[in-house]
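> Before I ask anything, here is the structure I am working with.
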There are 2 protein chains.
Amino acid sequence: MSTLKGAAIIGQSGGPTSVINSSAYGCIKTALENENITTVYGALNGIKGVLNDNLIDMGKEDPEELALMKQTPSSALGSCRYKIKDPEVDDTDYKRILEIFKKYDVRYFFYNGGNDSMDTCNKISKFMLKNGYECRVMGIPKTIDNDLEGTDHCPGYGSAAKYIATSMMEIYRDARVYDTGMITIVEIMGRNAGWLTAAASLASYKGNGPDLIFLPEVPFDIDSFMAKVKAIYEKNSKCIVAVSEGIRDKDGKYISEYGADLAKTKDSFGHAQLGGLASFLANYVKEKTGAKVRGIELSLLQRCAAHCASKNDVEESFTSGKAAVENAVAGITDKMVGFERSYVNGKYVCNIKLFDLTVVANTEKRIPLDWLNETKDGMNEKFIEYALPLIQGEPDIIKEDGLPKFVQLKKIK
Amino acid sequence: MSTLKGAAIIGQSGGPTSVINSSAYGCIKTALENENITTVYGALNGIKGVLNDNLIDMGKEDPEELALMKQTPSSALGSCRYKIKDPEVDDTDYKRILEIFKKYDVRYFFYNGGNDSMDTCNKISKFMLKNGYECRVMGIPKTIDNDLEGTDHCPGYGSAAKYIATSMMEIYRDARVYDTGMITIVEIMGRNAGWLTAAASLASYKGNGPDLIFLPEVPFDIDSFMAKVKAIYEKNSKCIVAVSEGIRDKDGKYISEYGADLAKTKDSFGHAQLGGLASFLANYVKEKTGAKVRGIELSLLQRCAAHCASKNDVEESFTSGKAAVENAVAGITDKMVGFERSYVNGKYVCNIKLFDLTVVANTEKRIPLDWLNETKDGMNEKFIEYALPLIQGEPDIIKEDGLPKFVQLKKIK
């Protein structure tokens, strides 16, 4: 185990979550306390912060203020959606990164993000290895989508799941208040993996959730959907449906594209911009049934509602950031910090496990199909058992005037 | 002060709030403990429960379960949107109500709702007085809209305001995560009164809120709106706007009607069904600026997000229900229980004050125009001072499996 002294850079990338800053804080705090790490830099707006030499000195932040990162949603260091090129095609960015690493004697690089970020992290790690520049590179995962390969679950998922389950319970109560008929369609995030939408089943498990749940893992048939909704509505005069934004028909066409109002733009990663599904389905169902139908899009609060975070998620996120530093200092590199679960006397325990960045990068973990019920319109006990520990506990949130206190970084370069 | 022995009925009406059940629980618990009240009935689905003889015996509920009403959003007894006729025009309903009151020896009637419900309450009260049937009638207010005349504020408003302010802070953080330009338009409930939309300014007060706020109290000019958004966007590359669903132009036309997708239906109270404003404005702004624009509708979680309730609101609601019973038993009738604020050593104190039902019924309290800033696109310190005490405190929520526990009534007739 070789001792490596030098500076560290941490960057954040991808979409916000409620707890990505808790991971970053775990990393920053641990790095600041470590004697082998000379300076801790925060890269503003992810890898672009490195490329543009836009680094802030985390050691110059007030420690008490910095601790508020643990309860501040979205990326405190700023994020980017910059897709780094394949070094075989164009290594300009990598050469620039190496230049910056050399300039500040950066020997530790921590990158906090989802699949695309792990890919960035992987490419940088391999480039440094190939070029003989000693720098320990660790990925710190985050994604509400929960779709990273290897790890039992992803930091950010538990809080998003808790928000979705809680909101679904409240919507369930709201939707049943009148004695008149009502169909409610709730659109939940998740392009390709149904983990978030599946979390709505936790509300059903508590007796206050949707009747039907449709995941992107299962081809969506609009006629079968209509028949199911109709049957439940005719029986109960209420029907609540949770749909993933990413549901597609058997030909792979997004149901959201069925509507006229689909935004045709593509973002820089080539994902189709989705939206308007709830409104399309609500109109469709209204037309077919004549019932009162409400379409609700949970929208971006799913990924930033830190006020409804899971304490387990906040703490596990912190631990993953901390473990990234501890492992790197101990000599590990080219890994992503992930989780492995075990049960001790029936009690859920979350342990750190390291995963090869190559394995993690750019793969998407879907929900096992045998975690769905037989009719593929809801989840079974396997999912419930999996998800319940992830949403446990209420973080102690420091408030001021009845509102959460969010970190204000000084951002000293 | 005359002693009046007999049964009591409590009913709930109008749209849900996070704390309407806390009011009802304050009323039910106090009534169950009072020796003058022989039986406490819950009317299922408001006044329709009385008309249809659909009453449940609240004394047969498990007290511990009943206490969960305090943290359960939406109306546990069910609500209705049934508009009772003017007794001068048609007194059929009133005769039926009197019949039911006589059948169960009902001497106390408590009605928990908003403006329309206070009107119902008022008409019943006046009919009973006119017909010489001794029954003490008390209105227990609730409305997230905060638009009831007389009372300093309405139970339900504080929690909705807290949810809106908290969510706006989170959206603010989310919307600023990338270094690319972004305009965000958030649609907030409130047909005629801007109290809810104004609550977004609490987030701005905390430095994490919208740049612009548009209330229905001020005629909305789309060109002036566009110019303001553009100026802020060009300066900061970000702009966040909070708009009330009820904003109208100088001719009184709803801006939401500008869009093609306005639902043309009217609900039974004659209010136009609003919606789609955020999406209309987002498209409009996108077209005019070419910027990335996101439209967000906070939707019905504003009125049912009990997980983000204000403790002050929960407790005040409970107290208003309790006070309704205590005052009625003491001989008072034909009143609505409301609030009056005072400051003791600079500390906010909320006192019970009774208001004539006639005064309250069917009037709407708007935001004083001098609580807005000079450019009428934000709130000033008068509003902040008014609203801050209402969102204080975190209720202790009983949870199970990381999710709130909602009341399950046995509903024994």
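Each chain in the structure tokens gets a letter, A, B and so on, in the order shown; residues start at 1 in every chain, and ligands are counted from 1 in the order they appear.
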Using only C-alpha atoms, determine which residues of chain B fall within 8 Å of chain A; present them as an NGL selection string.

:B and (15-16 or 45 or 73-76 or 78-81 or 162 or 165-167 or 170-171 or 173-174 or 176-179 or 296-297 or 299-301 or 304-308 or 310 or 388-389 or 391-394 or 401-404)

> Would you mind exporting C-alpha atoms of the selected residues as a PDB file, in the first residue's frame?


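Result written to selection-v7.pdb:
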ATOM      1  CA  GLY B  15     -61.431  20.465  -1.264  1.00  0.00           C
ATOM      2  CA  PRO B  16     -58.862  18.712   0.884  1.00  0.00           C
ATOM      3  CA  ASN B  45     -69.444  13.291   2.425  1.00  0.00           C
ATOM      4  CA  PRO B  73     -54.562  14.817   4.846  1.00  0.00           C
ATOM      5  CA  SER B  74     -57.818  15.172   2.911  1.00  0.00           C
ATOM      6  CA  SER B  75     -61.226  14.745   4.575  1.00  0.00           C
ATOM      7  CA  ALA B  76     -61.443  11.527   6.565  1.00  0.00           C
ATOM      8  CA  GLY B  78     -65.362  12.444   2.885  1.00  0.00           C
ATOM      9  CA  SER B  79     -66.362  15.678   1.255  1.00  0.00           C
ATOM     10  CA  CYS B  80     -68.909  16.928  -1.229  1.00  0.00           C
ATOM     11  CA  ARG B  81     -69.322  19.761  -3.666  1.00  0.00           C
ATOM     12  CA  LYS B 162     -44.903  25.832   3.886  1.00  0.00           C
ATOM     13  CA  ALA B 165     -42.070  27.724  -0.013  1.00  0.00           C
ATOM     14  CA  THR B 166     -40.085  24.543   0.670  1.00  0.00           C
ATOM     15  CA  SER B 167     -40.726  23.157  -2.816  1.00  0.00           C
ATOM     16  CA  GLU B 170     -35.810  22.966  -3.812  1.00  0.00           C
ATOM     17  CA  ILE B 171     -36.870  23.849  -7.361  1.00  0.00           C
ATOM     18  CA  ARG B 173     -31.660  24.756  -6.339  1.00  0.00           C
ATOM     19  CA  ASP B 174     -32.565  22.223  -8.988  1.00  0.00           C
ATOM     20  CA  ARG B 176     -29.574  26.324 -11.082  1.00  0.00           C
ATOM     21  CA  VAL B 177     -27.553  23.145 -11.211  1.00  0.00           C
ATOM     22  CA  TYR B 178     -26.356  23.466 -14.791  1.00  0.00           C
ATOM     23  CA  ASP B 179     -24.321  26.353 -16.152  1.00  0.00           C
ATOM     24  CA  ILE B 296     -44.106  22.979 -13.443  1.00  0.00           C
ATOM     25  CA  GLU B 297     -47.553  22.641 -11.932  1.00  0.00           C
ATOM     26  CA  SER B 299     -50.705  20.377  -8.593  1.00  0.00           C
ATOM     27  CA  LEU B 300     -52.751  18.931  -5.775  1.00  0.00           C
ATOM     28  CA  LEU B 301     -49.851  18.145  -3.467  1.00  0.00           C
ATOM     29  CA  CYS B 304     -52.531  17.378   0.663  1.00  0.00           C
ATOM     30  CA  ALA B 305     -48.795  17.282   1.419  1.00  0.00           C
ATOM     31  CA  ALA B 306     -49.265  16.597   5.119  1.00  0.00           C
ATOM     32  CA  HIS B 307     -45.672  15.378   5.255  1.00  0.00           C
ATOM     33  CA  CYS B 308     -44.636  19.027   4.999  1.00  0.00           C
ATOM     34  CA  SER B 310     -46.700  23.386   9.639  1.00  0.00           C
ATOM     35  CA  LEU B 388     -43.714  33.476   8.534  1.00  0.00           C
ATOM     36  CA  PRO B 389     -45.390  32.554  11.853  1.00  0.00           C
ATOM     37  CA  ILE B 391     -45.339  27.992   8.599  1.00  0.00           C
ATOM     38  CA  GLN B 392     -43.431  27.394  11.828  1.00  0.00           C
ATOM     39  CA  GLY B 393     -42.786  24.086  13.495  1.00  0.00           C
ATOM     40  CA  GLU B 394     -42.557  20.472  12.456  1.00  0.00           C
ATOM     41  CA  ASP B 401     -42.032   1.641   7.584  1.00  0.00           C
ATOM     42  CA  GLY B 402     -40.752   5.152   6.889  1.00  0.00           C
ATOM     43  CA  LEU B 403     -44.161   6.330   5.694  1.00  0.00           C
ATOM     44  CA  PRO B 404     -46.846   8.361   7.484  1.00  0.00           C
TER      45      PRO B 404
END

> Within 12 Å of Lys29 (chain A), counting only C-alpha atoms, which residues qualify if same-chain residues fewer than 4 places away don't, as an MDAnalysis selection string?

chainID A and resid 8 10 21:25 33:34 37 39:42 58:59 61:70 318:319 321:326

> Quick one: residues within 8 Å of Phe383 (chain B), only C-alpha atoms, excluding same-chain residues fewer than 4 positions away - as a ChimeraX atom specification?

/B:198,371-372,379,387

> Compile the contact shell of Pro141 (chain B) as a PyMOL selection string: residues with an atom at most 12 Å away, counting only C-alpha atoms, same-chain residues fewer than 3 positions apart removed.

chain B and resi 11-15+17+19-24+27+110-119+121+138+144-157+316-321+323-324+335-339+352-355+357+360-361

> Enumerate, as a PyMOL selection string, the complete set of residues in region 47-100 of chain A that a backbone-based DSSP assignment places in helix (DSSP H, G or I).

chain A and resi 47-51+58-60+63-71+92-100

> What would the file look like if the residues just selected were written as a compact mmCIF listing (two decimals), in the first residue's frame with N, CA and C atoms?


# COMPACT_ATOMS: atom_id res chain seq x y z
N ILE A 47 -16.95 18.14 -14.77
CA ILE A 47 -15.68 18.04 -15.49
C ILE A 47 -15.35 19.34 -16.22
N LYS A 48 -16.38 20.13 -16.52
CA LYS A 48 -16.13 21.44 -17.14
C LYS A 48 -15.33 22.35 -16.22
N GLY A 49 -15.52 22.16 -14.90
CA GLY A 49 -14.75 22.93 -13.92
C GLY A 49 -13.27 22.61 -14.01
N VAL A 50 -12.97 21.33 -14.32
CA VAL A 50 -11.57 20.94 -14.48
C VAL A 50 -11.04 21.51 -15.80
N LEU A 51 -11.79 21.29 -16.85
CA LEU A 51 -11.37 21.74 -18.19
C LEU A 51 -11.15 23.26 -18.25
N MET A 58 -12.06 24.02 -1.13
CA MET A 58 -13.07 23.62 -0.15
C MET A 58 -12.61 23.87 1.29
N GLY A 59 -11.31 23.94 1.46
CA GLY A 59 -10.76 24.20 2.80
C GLY A 59 -11.02 25.62 3.28
N LYS A 60 -11.39 26.49 2.35
CA LYS A 60 -11.66 27.88 2.73
C LYS A 60 -13.13 28.12 3.06
N PRO A 63 -16.65 25.48 8.03
CA PRO A 63 -17.04 24.07 8.26
C PRO A 63 -18.52 23.89 8.62
N GLU A 64 -19.05 24.83 9.38
CA GLU A 64 -20.46 24.72 9.80
C GLU A 64 -21.39 24.87 8.60
N GLU A 65 -21.04 25.83 7.75
CA GLU A 65 -21.83 26.05 6.54
C GLU A 65 -21.72 24.83 5.62
N LEU A 66 -20.51 24.32 5.49
CA LEU A 66 -20.25 23.18 4.63
C LEU A 66 -21.11 21.98 5.05
N ALA A 67 -21.31 21.84 6.35
CA ALA A 67 -22.09 20.72 6.87
C ALA A 67 -23.54 20.77 6.39
N LEU A 68 -24.00 21.95 5.98
CA LEU A 68 -25.37 22.07 5.46
C LEU A 68 -25.53 21.37 4.11
N MET A 69 -24.40 21.02 3.49
CA MET A 69 -24.49 20.26 2.24
C MET A 69 -25.29 18.98 2.45
N LYS A 70 -25.19 18.44 3.66
CA LYS A 70 -25.86 17.17 3.97
C LYS A 70 -27.38 17.26 3.81
N GLN A 71 -27.94 18.45 3.84
CA GLN A 71 -29.39 18.60 3.73
C GLN A 71 -29.81 19.47 2.56
N THR A 92 -8.28 15.46 -26.68
CA THR A 92 -8.01 16.85 -26.29
C THR A 92 -8.39 17.11 -24.83
N ASP A 93 -9.62 16.73 -24.48
CA ASP A 93 -10.10 16.96 -23.12
C ASP A 93 -9.21 16.27 -22.08
N TYR A 94 -8.79 15.07 -22.39
CA TYR A 94 -7.99 14.29 -21.43
C TYR A 94 -6.62 14.93 -21.21
N LYS A 95 -6.06 15.44 -22.31
CA LYS A 95 -4.75 16.11 -22.18
C LYS A 95 -4.88 17.35 -21.31
N ARG A 96 -6.00 18.05 -21.49
CA ARG A 96 -6.26 19.24 -20.70
C ARG A 96 -6.45 18.87 -19.22
N ILE A 97 -7.17 17.80 -18.99
CA ILE A 97 -7.39 17.35 -17.61
C ILE A 97 -6.04 17.00 -16.96
N LEU A 98 -5.23 16.30 -17.70
CA LEU A 98 -3.90 15.92 -17.19
C LEU A 98 -3.07 17.18 -16.87
N GLU A 99 -3.18 18.15 -17.74
CA GLU A 99 -2.48 19.42 -17.54
C GLU A 99 -2.89 20.08 -16.22
N ILE A 100 -4.21 20.12 -16.00
CA ILE A 100 -4.74 20.71 -14.76
C ILE A 100 -4.32 19.86 -13.55

> Point out the residue among A:Ile164, A:Val89, A:Ala43, A:Val314 with the least atom-to-atom distance to Lys142 (chain A), counting only C-alpha atoms.

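Of the candidates, the smallest distance to Lys142 (chain A) is held by A:Val314.
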
> Which residue is closest to Ala160 (chain B)? Choose from B:Ile124, B:Ile247, B:Ala193, B:Ala199 and count only C-alpha atoms.

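Of all the options, B:Ala199 lies closest to Ala160 (chain B).
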
> Please report, as a list in words, each residue of region 1-54 of chain B to which DSSP assigns strand (DSSP E) when run on this structure's backbone.

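Those in region 1-54 of chain B that DSSP calls strand (DSSP E) are Gly6, Ala7, Ala8, Ile9, Ile10, Gly11, Gln12, Ile37, Thr38, Thr39, Val40, Tyr41, Gly42 and Ala43 of chain B.
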
> Please determine, counting only C-alpha atoms, which residue among A:Tyr254, A:Tyr104, A:Tyr205, A:Tyr233 has the shortest atom-to-atom distance to Phe280 (chain A).

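Residue with the minimum atom-to-atom distance to Phe280 (chain A): A:Tyr254.
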
> To one decimal place in Å, what is the distance between CA of Ile185 (chain A) and CA of Arg366 (chain A)?

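Computing it gives 22.8 Å between the two atoms.
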